[in-house]
Amino acid sequence: MKLPSAMPKALPDVIAGAMPGRGGMEAALVVGAALLSILAFHLFIGKAAATAAFAAGLGLIAAIGWLSQRRGAAPDTADAAQEPDWAATVAATAQPDRAVAITDRANRLVCANATFELWFGSSHAPPHLPVDGASGEKLARAARAGWRDGTAEPVKIADEDRSWTADVVRAGRRDEYLVWRFAPIVREEPLLQLGKAVAGDFGRMLSAAGIEAALVGGDGAIRAVNPGFARRAAGDVKARMTGQDFVAQLRADDRERIYFAREGRKGPPQTLVQIPLADPAATAEQAATAPSVMLLLDAGIGLGGWGGDAQGHAQQLEALLEQLPLGLAMTDRDGHFLFANPAFRRAAGISGPSLPPYPSDLVIRADKTAISDAVRRYGKGPASSGDIAVRLASQPDDPVSLGLAGVRGLGEAAVMVSLADTSEETRLKRQVAQATKMQAVGQLAGGVAHDFNNVLTAIIGYCDLMLLRHTPGDSDYDDIQQIKANSNRAASLTRQLLAFSRQQTLRPEVLQLPDVISEVSQLLKRLMGAKITLKTHHDRDLGPVRADPRQLEQVIVNLAVNARDAIQQAGGGETASGTLTFATRRVRATDIQRMRSEIIPAGNYTALIAQDTGGGIPQASLPKIFEPFFTTKEQGKGTGLGLSTVYGIVKQSGGFIFADNVTDADGRRGARFSIYLPVYEGDMPEDAEADASDESHDWSRGARILLVEDEDMVRAVAERALARAGHTVTTAADGEEGLAAYAKGEGFDIVVSDVVMPGMDGPTMVKALRKQQGDLPVLFMSGYAEEQLREEIDVANMHFLAKPFSVQQIGDAVTKALNASGPGARKGA
């Protein structure tokens, strides 16, 4: 029976196309089954039109299925194309000496190579790695910079054992990933580096020049040799000689000529030059056991540049010695310099292209004779080596160790002089010594100021009490006022000492620096006089800072007075003219990063810059200008506390201060002080007066006060001042007496106590009292800084009164503390 002619001819192709990925046999089976279905339908129905419709329906169903598969496969293919192949990424980043990690915007680890997992583990993702706290902050800042700028400056991080350099870049089609790379920082010991150089290419260059070299430990054992030494001592350039006795490789004849033991007299005699590698600060015993570089030269080698005939060998030796990190120089028998490598020139402070005639020209006058005698002794005596302590003219305050070695067989050359460059080490030692000295002086100043404040409290208090009994017309009134004025001046000096030691009491506020300068501008004009011009300049959009406005005014005034004195000193007197400029600058975190300062952490700052035309600060005085009592002024014209006070206030406010010399646009030289205060990022504080409660309590009937003070004169003044204000005062000399007085009494409205006392101190006593009366108000008084005490005293809701204080001040402080505590329920009331 024929199939109906109306059946679609493409049906087999459509059905076969709807089966992607199948073999030809499976497609044939599907086509056969379709044809049998159509044939059966035709036999059963017997109508050609119905059979054609049935066949067309099958074709339509097959076509729909084929199209559905094609459309369903496209998204999967696209997703597969979009999905990163992390396996390929891991394989591409596999590096044994570098860790690579990829994180997403949630700082989750999405990929890391095996080295990263080995160093940091797979449970950690940058920037949260198992490193120290400072390194964690650096990584966090790098991550923020990476997301913001696309990359960040490389940072150094470390844990307890190792350290790495980390860098980060933003990547991905939508910049949705950070790629981190970590490279280890290899710290090689200088001796290890020198040993590698001797055994490597540098050693082969020495051998080519006829010089055999060995690095020998203090115990005489060989640490490294160059190939020429190994060939002549052991017969093989690849021979391992580490650990062997150096002396055993040589022998000497009856004429004290040195030969290689393996060559004997068949080989040429050798000239032995020993270069000790001792620390310049080492003791004699330590220097004797320090490693050395041993150079062996054939005695027949002439150095034309130093009096011999072999000009080529001289040039080679000079070229090789110039590459050594150790400072080396040669002199003849009369002590004249013949040669010095760059390391020696740097260490000795030789700046010009030519050498001085003698080594004695490098040292101070007191050491010239000693070094001249030593050079002649080593040049004309038997071959030997040693060292001498001298003070270089370029750094007369720090003795250095100058190595000397008698040399034979180098023509006219007689003495090899060695000097290590210790300038960086010396700078670090000075910084540590300076910091230690400043800390010690600060502690001394704080202690002295505290004791003085107790004495001044009594003097000022008694003056106030005496003035209450005298009127301005009395004969004693002016004398008492003079005593009080001098006492207040002494109190100002103690505040300067506390400012230097960063122990003063600050009342910080959120403010703008231009406002502070504006407040004192009239005072500054009077201080400067008519001949000195005062200029101000302010940037826009300055960030607010948090500092004590009164103390900042003190900083500005001190800088202005310092500039005025410098201008007058440089110009010849009070009639000298000049300019003082105060400027405020906006400093962004990126500006700090470009400064590459190791002192100022990256962040936003507001800078206050004071620049004058007073001739500048002597270079030798720059490191000392912030020290207390250091002054360049004439005797009696300065206390030396002005700049040290500025330094203390700035540091206690969380800022940084630097001093340098500059030249302005008119060519006038002067000093510049740059102060960086961090921008306040918190919420702006609300007006305390607006928030204060209008409710005040009437204490005119007087309060019952427990006064605890170990200084008798301070306790007596405070007692009389509070009694005159109408209060009932019970006194105690220490914490134990205070507890006993509280137990005997009927309760107190407030406790006024010193902080530091013998036996039981004030905070300990207050804690015991509050166990019995939890709402007891407390007013602490002390000569130390409030900020420092608040960090040490764990007492809530306390009030503070700084010494020295007047009669009026202690009365006002007690009233304020009582009002702040409410009606003040008395014990038993």
# chains A, B, ... in the order shown; residues from 1 in each chain; ligands from 1
call {"tool": "residues_around", "arguments": {"residues": "Tyr742 of chain A", "least_positions_apart": "6", "cutoff": "9 Å", "atoms": "only C-alpha atoms", "output": "PyMOL selection string"}}
result
chain A and resi 706+748+769
call {"tool": "residues_around", "arguments": {"residues": "Phe246 of chain A", "least_positions_apart": "5", "cutoff": "10 Å", "atoms": "only C-alpha atoms", "output": "MDAnalysis selection string"}}
result
chainID A and resid 214:217 219:223 233 241 294
call {"tool": "residues_around", "arguments": {"residues": "segment 617-619 of chain A", "least_positions_apart": "2", "cutoff": "12 Å", "atoms": "only C-alpha atoms", "output": "JSON, numbers by chain"}}
result
{"A": [562, 563, 566, 567, 569, 570, 611, 612, 613, 614, 615, 621, 622, 623, 624, 625, 631, 632, 633, 659, 660, 661, 662, 669, 670, 671, 672, 673]}
call {"tool": "atom_distance", "arguments": {"atom1": "atom CA of Phe182 of chain A", "atom2": "atom CA of Ala99 of chain A"}}
result
4.9 Å
call {"tool": "residues_around", "arguments": {"residues": "Ser806 of chain A", "least_positions_apart": "5", "cutoff": "10 Å", "atoms": "only C-alpha atoms", "output": "JSON, numbers by chain"}}
result
{"A": [456, 457, 458, 459, 460, 461, 462, 463, 464, 465, 717, 718, 721, 811, 812]}
call {"tool": "select_by_dssp", "arguments": {"residues": "segment 538-722 of chain A", "states": "alpha helix (DSSP H)", "output": "PyMOL selection string"}}
result
chain A and resi 549-571+589-595+642-652+688-691+712-722
call {"tool": "residues_around", "arguments": {"residues": "segment 536-552 of chain A", "least_positions_apart": "2", "cutoff": "9 Å", "atoms": "only C-alpha atoms", "output": "mmCIF file with N, CA and C atoms, in the first residue's frame"}}
result
data_model
loop_
_atom_site.group_PDB
_atom_site.id
_atom_site.type_symbol
_atom_site.label_atom_id
_atom_site.label_comp_id
_atom_site.auth_asym_id
_atom_site.auth_seq_id
_atom_site.Cartn_x
_atom_site.Cartn_y
_atom_site.Cartn_z
ATOM 1 N N LEU A 506 43.235 68.377 79.164
ATOM 2 C CA LEU A 506 42.701 68.967 77.949
ATOM 3 C C LEU A 506 41.180 68.976 77.996
ATOM 4 N N ARG A 507 40.583 70.004 77.399
ATOM 5 C CA ARG A 507 39.133 70.104 77.238
ATOM 6 C C ARG A 507 38.838 70.127 75.737
ATOM 7 N N PRO A 508 38.913 68.972 75.080
ATOM 8 C CA PRO A 508 38.806 68.974 73.619
ATOM 9 C C PRO A 508 37.418 69.331 73.122
ATOM 10 N N GLU A 509 37.378 70.053 72.006
ATOM 11 C CA GLU A 509 36.144 70.411 71.316
ATOM 12 C C GLU A 509 36.346 70.177 69.823
ATOM 13 N N VAL A 510 35.256 70.000 69.108
ATOM 14 C CA VAL A 510 35.310 69.895 67.645
ATOM 15 C C VAL A 510 35.279 71.311 67.084
ATOM 16 N N LEU A 511 36.307 71.687 66.338
ATOM 17 C CA LEU A 511 36.454 73.076 65.906
ATOM 18 C C LEU A 511 37.132 73.143 64.546
ATOM 19 N N GLN A 512 37.171 74.359 64.004
ATOM 20 C CA GLN A 512 37.868 74.656 62.757
ATOM 21 C C GLN A 512 39.100 75.497 63.073
ATOM 22 N N LEU A 513 40.253 75.131 62.485
ATOM 23 C CA LEU A 513 41.493 75.847 62.773
ATOM 24 C C LEU A 513 41.434 77.329 62.400
ATOM 25 N N PRO A 514 40.810 77.707 61.272
ATOM 26 C CA PRO A 514 40.741 79.158 60.984
ATOM 27 C C PRO A 514 40.045 79.953 62.076
ATOM 28 N N VAL A 516 40.192 79.369 65.290
ATOM 29 C CA VAL A 516 41.143 79.547 66.390
ATOM 30 C C VAL A 516 42.137 80.650 66.054
ATOM 31 N N ILE A 517 42.635 80.650 64.797
ATOM 32 C CA ILE A 517 43.578 81.704 64.394
ATOM 33 C C ILE A 517 42.904 83.072 64.450
ATOM 34 N N LEU A 534 51.933 90.124 59.509
ATOM 35 C CA LEU A 534 51.240 88.859 59.778
ATOM 36 C C LEU A 534 50.283 88.557 58.629
ATOM 37 N N GLN A 554 47.489 78.536 72.563
ATOM 38 C CA GLN A 554 48.826 78.570 73.139
ATOM 39 C C GLN A 554 49.870 78.143 72.116
ATOM 40 N N VAL A 555 49.560 77.130 71.306
ATOM 41 C CA VAL A 555 50.475 76.684 70.253
ATOM 42 C C VAL A 555 50.747 77.809 69.263
ATOM 43 N N ILE A 556 49.686 78.483 68.806
ATOM 44 C CA ILE A 556 49.836 79.555 67.818
ATOM 45 C C ILE A 556 50.642 80.708 68.391
ATOM 46 N N VAL A 557 50.353 81.083 69.636
ATOM 47 C CA VAL A 557 51.079 82.193 70.266
ATOM 48 C C VAL A 557 52.555 81.838 70.435
ATOM 49 N N LEU A 580 55.485 86.800 58.937
ATOM 50 C CA LEU A 580 55.044 85.534 59.539
ATOM 51 C C LEU A 580 53.727 85.157 58.882
ATOM 52 N N THR A 581 53.674 83.930 58.351
ATOM 53 C CA THR A 581 52.478 83.471 57.641
ATOM 54 C C THR A 581 51.916 82.247 58.334
ATOM 55 N N PHE A 582 50.623 82.314 58.654
ATOM 56 C CA PHE A 582 49.890 81.153 59.149
ATOM 57 C C PHE A 582 48.953 80.693 58.030
ATOM 58 N N ALA A 583 49.055 79.428 57.670
ATOM 59 C CA ALA A 583 48.210 78.873 56.612
ATOM 60 C C ALA A 583 47.623 77.549 57.077
ATOM 61 N N THR A 584 46.403 77.291 56.641
ATOM 62 C CA THR A 584 45.774 76.002 56.906
ATOM 63 C C THR A 584 45.584 75.286 55.577
ATOM 64 N N ARG A 585 45.858 73.987 55.568
ATOM 65 C CA ARG A 585 45.800 73.202 54.351
ATOM 66 C C ARG A 585 44.940 71.961 54.570
ATOM 67 N N ARG A 586 44.258 71.559 53.517
ATOM 68 C CA ARG A 586 43.513 70.302 53.519
ATOM 69 C C ARG A 586 44.426 69.210 52.976
ATOM 70 N N VAL A 587 44.669 68.187 53.769
ATOM 71 C CA VAL A 587 45.581 67.097 53.397
ATOM 72 C C VAL A 587 44.774 65.806 53.338
ATOM 73 N N ASN A 604 43.021 61.440 56.577
ATOM 74 C CA ASN A 604 42.725 62.836 56.252
ATOM 75 C C ASN A 604 43.155 63.742 57.407
ATOM 76 N N TYR A 605 43.837 64.831 57.080
ATOM 77 C CA TYR A 605 44.361 65.737 58.102
ATOM 78 C C TYR A 605 44.049 67.181 57.706
ATOM 79 N N THR A 606 44.038 68.031 58.723
ATOM 80 C CA THR A 606 44.037 69.469 58.517
ATOM 81 C C THR A 606 45.364 69.994 59.038
ATOM 82 N N VAL A 646 54.650 73.329 72.686
ATOM 83 C CA VAL A 646 53.940 73.112 71.417
ATOM 84 C C VAL A 646 53.968 71.640 71.049
ATOM 85 N N ILE A 649 51.568 69.603 73.347
ATOM 86 C CA ILE A 649 50.141 69.825 73.069
ATOM 87 C C ILE A 649 49.732 69.116 71.784
ATOM 88 N N VAL A 650 50.555 69.225 70.741
ATOM 89 C CA VAL A 650 50.225 68.597 69.459
ATOM 90 C C VAL A 650 50.166 67.080 69.602
ATOM 91 N N SER A 653 47.179 65.885 71.471
ATOM 92 C CA SER A 653 45.957 66.041 70.677
ATOM 93 C C SER A 653 45.888 65.045 69.535
ATOM 94 N N GLY A 654 46.850 64.114 69.458
ATOM 95 C CA GLY A 654 46.847 63.101 68.418
ATOM 96 C C GLY A 654 47.442 63.559 67.103
ATOM 97 N N LEU A 677 46.868 67.679 62.176
ATOM 98 C CA LEU A 677 45.860 67.210 63.114
ATOM 99 C C LEU A 677 44.842 66.354 62.364
ATOM 100 N N PRO A 678 44.521 65.164 62.876
ATOM 101 C CA PRO A 678 43.572 64.299 62.154
ATOM 102 C C PRO A 678 42.188 64.915 62.082
ATOM 103 N N VAL A 679 41.548 64.736 60.937
ATOM 104 C CA VAL A 679 40.188 65.248 60.750
ATOM 105 C C VAL A 679 39.227 64.433 61.603
ATOM 106 N N TYR A 680 38.337 65.124 62.305
ATOM 107 C CA TYR A 680 37.350 64.450 63.158
ATOM 108 C C TYR A 680 36.266 63.856 62.269
ATOM 109 N N GLU A 681 36.087 62.528 62.339
ATOM 110 C CA GLU A 681 35.145 61.823 61.469
ATOM 111 C C GLU A 681 33.831 61.481 62.162
#
call {"tool": "residues_around", "arguments": {"residues": "Leu779 of chain A", "least_positions_apart": "5", "cutoff": "9 Å", "atoms": "only C-alpha atoms", "output": "ChimeraX atom specification"}}
result
/A:750-754,798-801,813-814,817
call {"tool": "atom_distance", "arguments": {"atom1": "atom CA of Met466 of chain A", "atom2": "atom CA of Ala716 of chain A"}}
result
13.9 Å
call {"tool": "residues_around", "arguments": {"residues": "segment 106-110 of chain A", "least_positions_apart": "6", "cutoff": "12 Å", "atoms": "only C-alpha atoms", "output": "ChimeraX atom specification"}}
result
/A:84-87,89-90,100,116-117,120-129,139-140,143-144,146-147,176-180
call {"tool": "atom_distance", "arguments": {"atom1": "atom CA of Ala589 of chain A", "atom2": "atom CA of Pro601 of chain A"}}
result
8.7 Å
call {"tool": "select_by_dssp", "arguments": {"residues": "segment 587-668 of chain A", "states": "strand (DSSP E)", "output": "ChimeraX atom specification"}}
result
/A:587,605-612,656-663
call {"tool": "write_last_selection", "arguments": {"atoms": "N, CA and C atoms", "output": "PDB file, in the first residue's frame"}}
result
ATOM      1  N   VAL A 587      44.669  68.187  53.769  1.00  0.00           N
ATOM      2  CA  VAL A 587      45.581  67.097  53.397  1.00  0.00           C
ATOM      3  C   VAL A 587      44.774  65.806  53.338  1.00  0.00           C
ATOM      4  N   TYR A 605      43.837  64.831  57.080  1.00  0.00           N
ATOM      5  CA  TYR A 605      44.361  65.737  58.102  1.00  0.00           C
ATOM      6  C   TYR A 605      44.049  67.181  57.706  1.00  0.00           C
ATOM      7  N   THR A 606      44.038  68.031  58.723  1.00  0.00           N
ATOM      8  CA  THR A 606      44.037  69.469  58.517  1.00  0.00           C
ATOM      9  C   THR A 606      45.364  69.994  59.038  1.00  0.00           C
ATOM     10  N   ALA A 607      46.110  70.661  58.182  1.00  0.00           N
ATOM     11  CA  ALA A 607      47.463  71.090  58.523  1.00  0.00           C
ATOM     12  C   ALA A 607      47.479  72.574  58.861  1.00  0.00           C
ATOM     13  N   LEU A 608      48.245  72.913  59.899  1.00  0.00           N
ATOM     14  CA  LEU A 608      48.515  74.297  60.280  1.00  0.00           C
ATOM     15  C   LEU A 608      49.996  74.550  60.032  1.00  0.00           C
ATOM     16  N   ILE A 609      50.316  75.490  59.169  1.00  0.00           N
ATOM     17  CA  ILE A 609      51.699  75.750  58.769  1.00  0.00           C
ATOM     18  C   ILE A 609      52.055  77.167  59.177  1.00  0.00           C
ATOM     19  N   ALA A 610      53.150  77.301  59.941  1.00  0.00           N
ATOM     20  CA  ALA A 610      53.666  78.604  60.356  1.00  0.00           C
ATOM     21  C   ALA A 610      55.041  78.787  59.728  1.00  0.00           C
ATOM     22  N   GLN A 611      55.188  79.826  58.907  1.00  0.00           N
ATOM     23  CA  GLN A 611      56.447  80.062  58.193  1.00  0.00           C
ATOM     24  C   GLN A 611      56.878  81.505  58.389  1.00  0.00           C
ATOM     25  N   ASP A 612      58.158  81.691  58.733  1.00  0.00           N
ATOM     26  CA  ASP A 612      58.682  83.031  58.980  1.00  0.00           C
ATOM     27  C   ASP A 612      59.865  83.310  58.070  1.00  0.00           C
ATOM     28  N   PHE A 656      50.807  65.579  64.681  1.00  0.00           N
ATOM     29  CA  PHE A 656      52.224  65.436  64.375  1.00  0.00           C
ATOM     30  C   PHE A 656      52.764  66.818  64.025  1.00  0.00           C
ATOM     31  N   ILE A 657      54.032  67.064  64.388  1.00  0.00           N
ATOM     32  CA  ILE A 657      54.649  68.357  64.112  1.00  0.00           C
ATOM     33  C   ILE A 657      56.045  68.122  63.550  1.00  0.00           C
ATOM     34  N   PHE A 658      56.401  68.918  62.530  1.00  0.00           N
ATOM     35  CA  PHE A 658      57.703  68.816  61.889  1.00  0.00           C
ATOM     36  C   PHE A 658      58.251  70.227  61.711  1.00  0.00           C
ATOM     37  N   ALA A 659      59.576  70.322  61.699  1.00  0.00           N
ATOM     38  CA  ALA A 659      60.252  71.603  61.508  1.00  0.00           C
ATOM     39  C   ALA A 659      61.309  71.448  60.427  1.00  0.00           C
ATOM     40  N   ASP A 660      61.401  72.445  59.554  1.00  0.00           N
ATOM     41  CA  ASP A 660      62.445  72.453  58.533  1.00  0.00           C
ATOM     42  C   ASP A 660      62.708  73.890  58.111  1.00  0.00           C
ATOM     43  N   ASN A 661      63.695  74.066  57.258  1.00  0.00           N
ATOM     44  CA  ASN A 661      64.057  75.378  56.742  1.00  0.00           C
ATOM     45  C   ASN A 661      63.617  75.484  55.287  1.00  0.00           C
ATOM     46  N   VAL A 662      63.056  76.629  54.910  1.00  0.00           N
ATOM     47  CA  VAL A 662      62.567  76.841  53.549  1.00  0.00           C
ATOM     48  C   VAL A 662      62.986  78.238  53.093  1.00  0.00           C
ATOM     49  N   THR A 663      62.855  78.447  51.789  1.00  0.00           N
ATOM     50  CA  THR A 663      63.095  79.762  51.181  1.00  0.00           C
ATOM     51  C   THR A 663      61.831  80.182  50.453  1.00  0.00           C
TER      52      THR A 663
END
call {"tool": "closest_residue", "arguments": {"among": "A:Ala142, A:Ala209, A:Val561, A:Val131", "to": "Gln593 of chain A", "atoms": "only C-alpha atoms"}}
result
A:Ala142
call {"tool": "closest_residue", "arguments": {"among": "A:Met757, A:Tyr378, A:Ala208, A:Val708", "to": "Glu737 of chain A", "atoms": "only C-alpha atoms"}}
result
A:Val708
